Structure formats: structure tokens, C-alpha cells
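Okay, structure first, notes after.
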Amino acid sequence: MVCSLNNHKAKRWFSLPAAVLVAAVALGHTALAAEPENVFASAIAHAQRRCVKIYGAGIGRVEGYATGLIVSADGQILTGQGVFLSGTNIRVVTPDGRMHYAKVLRRSTALQIALLKIESATPDFFEVPEKSPVAKGDWVLAVTNLFKVADRAEELSVSLGVVSLRTRLDARRGTQDVPYDGEVLITDAITSNPGAEGGALITIDGQLAGMVGKIIESKSTNTRLNYAVPADLLQKFLAGVATSTTSPKGKGGAKLGIRLFTLTGTKRAPAYIDRVLPNSPAAKAGLKKDDLILSIDKEIVHDIRGYGKLVKLLTPDEEITMLVKRKREILRILITPTGPKTDATKK
Amino acid sequence: MTIAVLLLATSVTTADDTALLSGYRLTNKAFRAAAQKVMPALVTIETFGGVARPKTGKRGGGISRPGDGPTTGLIVSPDGWIVTSTFNFVKKPPIITVVLDDDSRHVAKLMGRDETQRICLLKIDGVKDLPTANFIPREKARVGQWAISIGIGYGDDDPAISAGIISATTRIFGKAIQTDANISPANYGGPLIDIDGGVIGVCVPLSPQSRSALAGVEWYDSGIGFVVPLHGQEKLLEQLKTGKEFHPGLIGIATKTATPKGQGAAIAAVAPKSPASKELKKGDRLLQVNGQEVIDVIHLKTILGRFYAGETITLKIGRGEKKLDIQITLAEKVEPIKRKKGRLKIKKIEAE
């Protein structure tokens, strides 16, 4: 139905069989009203009219194309924050097959998204809801131009899945941490493909539930994550409200007075305490040699390396909760680190 | 189309669609309700220490090594026995803890394992009356019915779910059920449940081709996922509780790729010092295994894949004109058969 928009340029591309197909689709749609067979058709058609194909610069193996969402009548477009936006030559192909040049209005590092603008008015744009229209387990449709399969006025690719989970993102891209700071919708529809970034995640009645994210790997599973930026966070970005929810990280310099057992030379050994410095916060809290540190403030300490990373983030004088294993028992220990200059941590 | 635009704020669908859509939404409710039923028996597994880069044979297509976790397990007895996947311990962590639904954390001990099904048992002490998972009989799992996978692996207290259907009921030598719900490190060790919340099986990585530690992981989130049903495996679980390990049983033969129909599977080579070396010769034809007819080479693989190391099987073989019955005890490891230049392309043949 996207093709029905009056665009002569696009129509020229149709061979005769394609035109017949379009007619068949149109007929099918009429029949649908009488006896609806494809319950998702209206929602998909709605989204197809509001999604664009974006082409820009690519670097090496990083793709130079993506999908985008039209979010205003004056041609504002939401998409991912990627390499394809780095050049001066950002091209947007609207559903009618027309190509427009776009400029970047704003970006959000926290959500890894960007707002573009093309000089083209349209009555068809996504309403971005303030409240998320989906819960875990709800059906969602992903409408994306993965692998740039769709060309010009061709409709984008659609896949069906459910919302798996809404959670905070802890992920990386390649070997680097992803700077994303906020919640994501994880879906079981596979969206982690080149070009899908910026695509629409919609409910089965066509409301915008989120925007498909980047190709990244979860740190906890080492697998590709199929995620979308939730619509409510997109709305906050559009409204200019900060979306970051993490508290500022500690200033560092906090001391606990713990020496770990590192004899094996590996950083992957469990974080066993080798020595508790006298009069240190650790000693006062009752930690002992051979205790195994399991977690600090709910963050799991997998090994010595993990311990080092977490301790760097602590703030002096702010109490933390440590879970330690002592023989077969697990103890919860409250401990307040001191600053770097206090006597307690003298060597 | 004009109507659609006017209705934009709430919905873009027609009244007819809305009736159907509400039907679809019932399935969403059912998914959530089913997941809720199994939640009390779901546990979060954390591991501490272990090797950074475990030797896993081949790179487990798609992932270089297991992530930081957490991973998922299922309580199978009120006194603290937990079933999960061996995948979750590929790093050989010295310390394992388990967090129950009530947020209590316990030190867990890794007990027996079955490498053919990639499952193992954990034990936590000092607990009683724990809620257990309800495994449905295998025959109740039918192709086409709803299947929901559940896993804690993304690191949230709240598990992630994926919905699909059962794709096949006899896979990997008849041991596994196949689903198109996403199965991945996010839910290995966790349950695949039916729409009523009954557990169809435990999500595991499996591959019909390979036995390396990460084999099957290359199919994560691909629409091809496997679970092993536990209903009817009570005897095995009892043995796993004693710490017993089960490995695939190997015989030590290479078979000719083509044997004339009706003549079983012909042996192309025998591995030195293997179970086969004492009893079998090159040129023998395997006709029956434990009374079951061997149709061809591929069928032989399917039959032998069901047995564990240490099990004794009875073979009927054809040697020239003679037919012989012989007994062979399968081994956990066999030496590779040396490659002969040109003709034999198989480096090592395992009885699977």
C-alpha cells in the first residue's frame, strides 16, 4: 500500500508483473476489511508509510546504511547514532522512493540515537508515546531495512516476535563497551543485523514501541543482542529531557584495606582475601583471610580483575554491602571505605 | 487510510481487526501466566573464577567463549537438587553460587553430568521444601504447540522470555526436542515450557555433528534450538546425584560411505586399541545393534548415538559368508584412525 502514494518516479520502476502484484495486494486489502485474515496488515502498512531508508558513509566492514523513523510532519527523522551519519552526504529515501539529503539536528550518546531533518513535509509520521505501550511477552513487529534488502520504494522487511525483557543494557560492540545508558527492550525477533538500526518496533495495532538498536553483544551471554530503544525514552529525547538514570560514578581513591590472593598470577582467579590490613575498614567490618568476595553492592565479583574494576568505582565514606563466602557460609558485610589519605590504610 | 490516520493516537486498526487482535493478546497473557508458574523453581547461577579462555575445540560459531553470566537452573527436588546445562561451567569455575526465587544465595556443588544431553546437577545444602519444576510427559509435547523459553542470562532479576512452537520431537539421536523459540546462553539450563507452564525440557546447546564443548552454540537464537525432556529420566537423575558422569559411547570404527542396500554398514577401518579392535575387522558389515536392523551408515550413527561409554552392546555382523554375534563395551575415548592418503578422508570416527 505504500506504493499507492503518487510518485511517478517510483512507478517507473514497476514492471508489469509487479503492477499486477500491487493490484492483487490492493484487492487483498479490500477483502481483508470484510473478513480479516492477516491481522497485522494494518499495523504493518501504517509503519511502512513512516519508515525511511538511510544511506551514508561506511568504514571498512561497518555498514553505511540504516533505517529511520519519521516523527514529525516537517520531516524530522529518528535513527541510530552510527558511522553512516559521520559524512556530509546523508541520504534519506522516503516510502515514496524519493531521495532527500538530511542533516543531523541532535544526537544522544546515552541512547546512541540521532535526530535528522529532511526538507520534505508529510502527513504520515509516528506518534512517539510517552508511556511504553508494551509489556514483557507482548507481540511486536520489527520493520527494518536489514541488509538493505529493500530498494527505493520497496517496502521494508517485517519480522514478528515478543518482548523478551525490559532491562538495563550491559553490552559491548566488538571489544569496546557500548556507552548506552538506559533501559532497552530485548526482543526475540532477530533485529541484530546490518541496516536494521533505526527501524520501527511496533505493537500489533501499529503503535510505536521502540526503535531498533545497534549490532552489539551482551556481556553476560557473549551473544548478539536484539534490542530496541523504548518509545518512552525516544519521547524524552525528542522533548529534550535527559534520559540517563545511572548515578554518577564514584570519584575513586576509596580504600578497603584488602589484599587479594594473587599467587597464581592469573587475574581470573576468584577474589580470595589474602590479608586484611589492621585497623582498615575491612578489619573493622570483620573480613578475614580466606574469605571469598562474591559481590559488591549487588555487582558480581567474578574474579580478581572484576574486584579491581569495582573498587575503582567506590566513593570514600559511602557504605557498601559485600557478600563474602566463608567456608560453606555466605555472609553479608557492611563496610565503609576510607579516603586515600587516612591512616587506616597505611602499608 | 484516512481513518487510520485519525485513529493514530490509540490504534491504527479497524474494528474487525481489533477483535482479532484481542485474540492475539490473549496469547501474550498466556505466555506471561505460564512463565509465572515456573518462576518459583527458577534459579540464578553465578560462577567465580575459572579459566579465561576454555579449551573448547572449535570456536563455538558466533561466540568466542561463554559470557560473564549469570545463567539459569531449575530446581528438581525440594531438598536442593538443581538441574542445569554443562555449558554454564565450560570455564570450570571453582566456586558456584545459586540464588533462589526468595533472593537467598547458596554455595552450590557441581555433581554428576551427562555430556550426551549437556545437563548436570547442582546441589545446595541446608534447604528444604523448595518448589520444583513440573516436567510434562514427553509424549505431551507435540509439533506446532506453543513453547516458551525462559532464561535469566541477560543479568536481570526478571527472566527473559521467547515464544515459539515445538518444531520436532525426536532430534539428536532421539534425545532432544526442537523448538523455534530463541535458545541461547541467555537460557541454557533454563526451561522450555508449554502454554500451561509445564516444563517440556531443559534448554541446552546440542549439535548432531560435533561434540566439542561449544557445539550447538552456533545455532543460538537461530530458530533451531534444543531441549532435553527430563520426564522419564528419573533413574538417570538418581545416578547423577551420586556424581556419576556420562559420556557418549565410542566404538572406534570408520565406515564406508556407501554400502549396498540391505547389507548394513561396512567397516572401512578400525581404530587401534579401541573397543572395536578386538572384535571387528575391516570389511565386516554391521547388520544389527541390540537386535535392531542397521539400514545404512547414517542409520548406524543414529542407533549408536544413544549409548553411553561403558555400556555393552550386542552386534550382529556379516564377515564374508558368515554371520556372527559379538558383544562390545563402548569407550569414552578412542585413538584416531590414521588417515590414509587419498582414499580415507575420515580422520577419526566415533560411534555416534
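Please note that chains go A, B, ... in the order of the C-alpha cells, that every chain numbers its residues from 1, and that ligands are numbered from 1 in the order shown.
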Set the cut-off to 8 Å and count only C-alpha atoms: what are the residues of chain A that reach chain B? Output as number ranges by chain. A: 33, 35-36, 39, 42-43, 46, 124, 127, 136-139, 161-165, 167-168, 187-188, 190, 204-207, 218-223, 268-271, 294, 300-303, 328-330
Would you export the selected residues with N, CA and C atoms as a tab-separated table (two decimals), in the first residue's frame, please?
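The resulting file, selection.tsv, is reproduced below:
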chain	number	residue	atom	x	y	z
A	33	ALA	N	-10.97	-6.23	4.85
A	33	ALA	CA	-11.94	-5.49	5.64
A	33	ALA	C	-13.17	-6.34	5.92
A	35	GLU	N	-13.41	-9.83	5.74
A	35	GLU	CA	-13.05	-10.97	6.59
A	35	GLU	C	-11.56	-10.91	6.86
A	36	PRO	N	-11.17	-10.27	7.96
A	36	PRO	CA	-9.75	-10.04	8.19
A	36	PRO	C	-8.99	-11.36	8.34
A	39	VAL	N	-4.11	-10.23	10.38
A	39	VAL	CA	-4.45	-9.29	11.42
A	39	VAL	C	-3.39	-8.20	11.58
A	42	SER	N	-2.78	-3.98	8.83
A	42	SER	CA	-2.97	-2.54	9.05
A	42	SER	C	-1.79	-1.93	9.79
A	43	ALA	N	-1.35	-2.65	10.82
A	43	ALA	CA	-0.23	-2.13	11.62
A	43	ALA	C	1.02	-2.01	10.76
A	46	HIS	N	0.77	0.82	8.24
A	46	HIS	CA	0.92	2.07	8.98
A	46	HIS	C	2.40	2.39	9.19
A	124	ASP	N	2.28	11.66	7.18
A	124	ASP	CA	2.48	10.37	7.83
A	124	ASP	C	3.73	10.38	8.70
A	127	GLU	N	3.56	8.83	15.96
A	127	GLU	CA	3.38	9.45	17.26
A	127	GLU	C	4.26	8.68	18.23
A	136	LYS	N	6.38	-7.23	28.84
A	136	LYS	CA	7.08	-8.48	28.53
A	136	LYS	C	6.07	-9.51	28.02
A	137	GLY	N	6.41	-10.19	26.94
A	137	GLY	CA	5.53	-11.23	26.40
A	137	GLY	C	4.60	-10.75	25.31
A	138	ASP	N	4.51	-9.43	25.10
A	138	ASP	CA	3.63	-8.89	24.05
A	138	ASP	C	4.22	-9.11	22.66
A	139	TRP	N	3.35	-9.36	21.70
A	139	TRP	CA	3.80	-9.45	20.31
A	139	TRP	C	4.30	-8.10	19.83
A	161	GLY	N	7.90	-11.05	16.72
A	161	GLY	CA	8.48	-11.65	17.92
A	161	GLY	C	7.73	-11.20	19.15
A	162	VAL	N	8.26	-11.53	20.31
A	162	VAL	CA	7.68	-11.00	21.54
A	162	VAL	C	8.74	-10.18	22.27
A	163	VAL	N	8.26	-9.32	23.16
A	163	VAL	CA	9.19	-8.60	24.04
A	163	VAL	C	9.72	-9.60	25.05
A	164	SER	N	11.04	-9.78	25.09
A	164	SER	CA	11.63	-10.77	26.00
A	164	SER	C	11.81	-10.19	27.39
A	165	LEU	N	12.21	-8.92	27.44
A	165	LEU	CA	12.58	-8.33	28.72
A	165	LEU	C	12.83	-6.84	28.52
A	167	THR	N	15.20	-4.18	30.32
A	167	THR	CA	16.28	-4.22	31.31
A	167	THR	C	17.31	-3.15	30.98
A	168	ARG	N	18.25	-2.95	31.89
A	168	ARG	CA	19.37	-2.05	31.60
A	168	ARG	C	20.35	-2.77	30.69
A	187	THR	N	14.06	-8.18	22.38
A	187	THR	CA	13.00	-8.94	21.71
A	187	THR	C	13.55	-10.27	21.23
A	188	ASP	N	12.65	-11.21	20.94
A	188	ASP	CA	13.13	-12.45	20.34
A	188	ASP	C	13.00	-12.42	18.81
A	190	ILE	N	14.67	-11.33	15.53
A	190	ILE	CA	16.09	-11.09	15.28
A	190	ILE	C	16.25	-9.77	14.52
A	204	ILE	N	1.14	-4.83	17.71
A	204	ILE	CA	0.36	-5.42	16.62
A	204	ILE	C	-0.81	-4.52	16.21
A	205	ASP	N	-1.08	-3.45	16.97
A	205	ASP	CA	-2.05	-2.48	16.43
A	205	ASP	C	-1.37	-1.19	15.96
A	206	GLY	N	-0.07	-1.28	15.70
A	206	GLY	CA	0.60	-0.22	14.97
A	206	GLY	C	1.22	0.90	15.78
A	207	GLN	N	1.15	0.83	17.11
A	207	GLN	CA	1.78	1.89	17.90
A	207	GLN	C	3.28	1.67	17.96
A	218	SER	N	25.89	-8.83	24.18
A	218	SER	CA	25.68	-8.78	25.62
A	218	SER	C	26.93	-9.30	26.32
A	219	LYS	N	27.31	-8.62	27.41
A	219	LYS	CA	28.49	-9.09	28.13
A	219	LYS	C	28.20	-10.37	28.90
A	220	SER	N	26.96	-10.52	29.32
A	220	SER	CA	26.66	-11.68	30.15
A	220	SER	C	26.53	-12.96	29.34
A	221	THR	N	26.15	-12.84	28.06
A	221	THR	CA	25.97	-14.05	27.25
A	221	THR	C	26.97	-14.18	26.11
A	222	ASN	N	27.67	-13.08	25.78
A	222	ASN	CA	28.54	-13.04	24.61
A	222	ASN	C	27.78	-13.29	23.31
A	223	THR	N	26.48	-13.08	23.32
A	223	THR	CA	25.69	-13.27	22.11
A	223	THR	C	25.19	-11.92	21.61
A	268	ARG	N	42.09	-14.15	36.62
A	268	ARG	CA	40.78	-14.80	36.56
A	268	ARG	C	40.51	-15.68	37.77
A	269	ALA	N	41.43	-15.65	38.74
A	269	ALA	CA	41.20	-16.44	39.94
A	269	ALA	C	40.12	-15.78	40.78
A	270	PRO	N	39.37	-16.57	41.56
A	270	PRO	CA	38.35	-15.98	42.43
A	270	PRO	C	38.99	-15.00	43.41
A	271	ALA	N	38.22	-14.02	43.87
A	271	ALA	CA	38.77	-12.95	44.71
A	271	ALA	C	38.84	-13.38	46.17
A	294	LEU	N	32.20	-12.27	46.90
A	294	LEU	CA	31.26	-12.69	45.85
A	294	LEU	C	30.67	-11.50	45.11
A	300	ILE	N	28.38	-8.64	40.74
A	300	ILE	CA	29.09	-9.89	40.98
A	300	ILE	C	30.60	-9.71	40.74
A	301	VAL	N	31.39	-10.19	41.69
A	301	VAL	CA	32.85	-10.17	41.54
A	301	VAL	C	33.28	-11.55	41.04
A	302	HIS	N	33.42	-11.67	39.71
A	302	HIS	CA	33.73	-12.99	39.16
A	302	HIS	C	35.15	-13.42	39.47
A	303	ASP	N	36.05	-12.45	39.52
A	303	ASP	CA	37.46	-12.79	39.72
A	303	ASP	C	38.22	-11.55	40.20
A	328	ARG	N	31.44	-22.76	54.04
A	328	ARG	CA	30.22	-23.03	53.27
A	328	ARG	C	29.15	-21.97	53.52
A	329	GLU	N	29.51	-20.93	54.25
A	329	GLU	CA	28.52	-19.92	54.61
A	329	GLU	C	28.64	-18.68	53.73
A	330	ILE	N	27.51	-18.01	53.50
A	330	ILE	CA	27.58	-16.73	52.78
A	330	ILE	C	27.19	-15.62	53.74
Considering only C-alpha atoms, return as a PyMOL selection string whatever protein or nucleic-acid residues lie within 12 Å of Val276 in chain A, sequence-local ones (same chain, fewer than 3 positions apart) excluded. chain A and resi 255-261+272-273+279-291+344-345+347
Close residues, Phe125 in chain A itself excluded, 9 Å, only C-alpha atoms, min 3 positions apart in chain, as a ChimeraX atom specification: /A:47,49-51,69-73,75-76,122
Just list the residues in range 165-301 of chain B DSSP gives strand (DSSP E) on the backbone, as a ChimeraX atom specification. /B:165-171,176-179,191-193,199-204,225-228,245-246,253-255,265-270,285-289,292-293
Å distance separating CA of Thr170 in chain B from CA of Arg306 in chain B, one decimal place: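 Separation of CA of Thr170 in chain B and CA of Arg306 in chain B: 12.1 Å.
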Contacts of range 173-179 of chain A within 8 Å, only C-alpha atoms, excl. fewer than 4 positions in-chain, as a list in words: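 Within the cut-off, the hits are Thr109, Ala110, Gln112, Ile215, Ile216 and Glu217 of chain A.
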Store the residues picked out above, limited to C-alpha atoms, as an mmCIF file, in the first residue's frame.
data_model
loop_
_atom_site.group_PDB
_atom_site.id
_atom_site.type_symbol
_atom_site.label_atom_id
_atom_site.label_comp_id
_atom_site.auth_asym_id
_atom_site.auth_seq_id
_atom_site.Cartn_x
_atom_site.Cartn_y
_atom_site.Cartn_z
ATOM 1 C CA THR A 109 25.228 9.392 23.420
ATOM 2 C CA ALA A 110 23.261 7.838 26.255
ATOM 3 C CA GLN A 112 23.023 6.045 20.881
ATOM 4 C CA ILE A 215 24.588 -4.577 16.495
ATOM 5 C CA ILE A 216 26.073 -5.262 19.900
ATOM 6 C CA GLU A 217 26.920 -8.203 22.103
#
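Between Gly195 in chain A and the candidates A:Thr144, A:Thr94, A:Asn226, A:Ser108, the tightest atom-to-atom separation, counting only C-alpha atoms, involves A:Thr144.
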Residues near range 228-244 of chain B, anyone? I mean within 8 Å using only C-alpha atoms, not counting same-chain ones fewer than 4 positions away, as JSON, numbers by chain. {"B": [111, 112, 113, 114, 117, 120, 121, 135, 136, 137, 138, 175, 176, 177, 200, 201, 202, 203, 204]}
Pull C-alpha atoms from the residues just selected and write them as a short mmCIF file (atom, residue, chain, number, x, y, z; two decimals), in the first residue's frame.
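Resulting contents of result-v7.cif:
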data_model
loop_
_atom_site.label_atom_id
_atom_site.label_comp_id
_atom_site.auth_asym_id
_atom_site.auth_seq_id
_atom_site.Cartn_x
_atom_site.Cartn_y
_atom_site.Cartn_z
CA MET B 111 27.65 -33.17 40.92
CA GLY B 112 27.11 -35.62 38.05
CA ARG B 113 26.81 -34.73 34.39
CA ASP B 114 25.51 -36.26 31.18
CA GLN B 117 22.45 -34.31 26.87
CA CYS B 120 24.28 -31.67 35.05
CA LEU B 121 23.12 -31.46 38.64
CA PHE B 135 8.13 -31.76 33.80
CA ILE B 136 5.42 -32.90 31.40
CA PRO B 137 5.49 -36.38 29.83
CA ARG B 138 7.45 -36.39 26.61
CA LYS B 175 17.31 -37.31 22.93
CA ALA B 176 16.10 -33.79 22.20
CA ILE B 177 13.01 -31.82 21.30
CA ILE B 200 8.89 -29.54 28.20
CA GLY B 201 12.63 -29.78 28.76
CA VAL B 202 15.88 -28.08 29.72
CA CYS B 203 17.44 -25.74 27.13
CA VAL B 204 20.88 -27.00 26.05
#
Just how far from CA of Gly320 in chain B is CA of Val270 in chain B, in Å to one decimal? 17.0 Å
Using only C-alpha atoms, which protein or nucleic acid residues come within 10 Å of Leu250 in chain B? Drop anything in the same chain fewer than 4 positions from it, and give the result as a list in words.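 Result of the neighbour search: Ser274, Pro275, Ala276, Leu304, Gly305, Phe307, Tyr308, Ala309, Gly310, Glu311, Thr329, Leu330, Ala331, Glu332, Lys333, Val334, Ile349, Glu350, Ala351 and Glu352 of chain B.
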Mind dumping the selected residues with C-alpha atoms as a PDB file, in the first residue's frame?
ATOM      1  CA  SER B 274      39.535 -49.285  20.587  1.00  0.00           C
ATOM      2  CA  PRO B 275      36.580 -51.459  21.664  1.00  0.00           C
ATOM      3  CA  ALA B 276      36.228 -52.443  18.007  1.00  0.00           C
ATOM      4  CA  LEU B 304      24.931 -45.831  18.238  1.00  0.00           C
ATOM      5  CA  GLY B 305      24.467 -42.217  19.310  1.00  0.00           C
ATOM      6  CA  PHE B 307      24.598 -45.314  24.018  1.00  0.00           C
ATOM      7  CA  TYR B 308      26.881 -44.206  26.806  1.00  0.00           C
ATOM      8  CA  ALA B 309      30.534 -45.093  27.357  1.00  0.00           C
ATOM      9  CA  GLY B 310      30.693 -48.246  29.480  1.00  0.00           C
ATOM     10  CA  GLU B 311      27.529 -49.741  28.008  1.00  0.00           C
ATOM     11  CA  THR B 329      31.702 -52.437  25.592  1.00  0.00           C
ATOM     12  CA  LEU B 330      31.801 -48.829  24.407  1.00  0.00           C
ATOM     13  CA  ALA B 331      34.603 -46.492  25.471  1.00  0.00           C
ATOM     14  CA  GLU B 332      34.750 -42.798  26.367  1.00  0.00           C
ATOM     15  CA  LYS B 333      37.777 -42.161  24.177  1.00  0.00           C
ATOM     16  CA  VAL B 334      39.292 -43.859  21.157  1.00  0.00           C
ATOM     17  CA  ILE B 349      35.329 -41.975  13.523  1.00  0.00           C
ATOM     18  CA  GLU B 350      33.236 -42.120  16.589  1.00  0.00           C
ATOM     19  CA  ALA B 351      30.332 -44.347  17.223  1.00  0.00           C
ATOM     20  CA  GLU B 352      27.559 -41.838  17.489  1.00  0.00           C
TER      21      GLU B 352
END
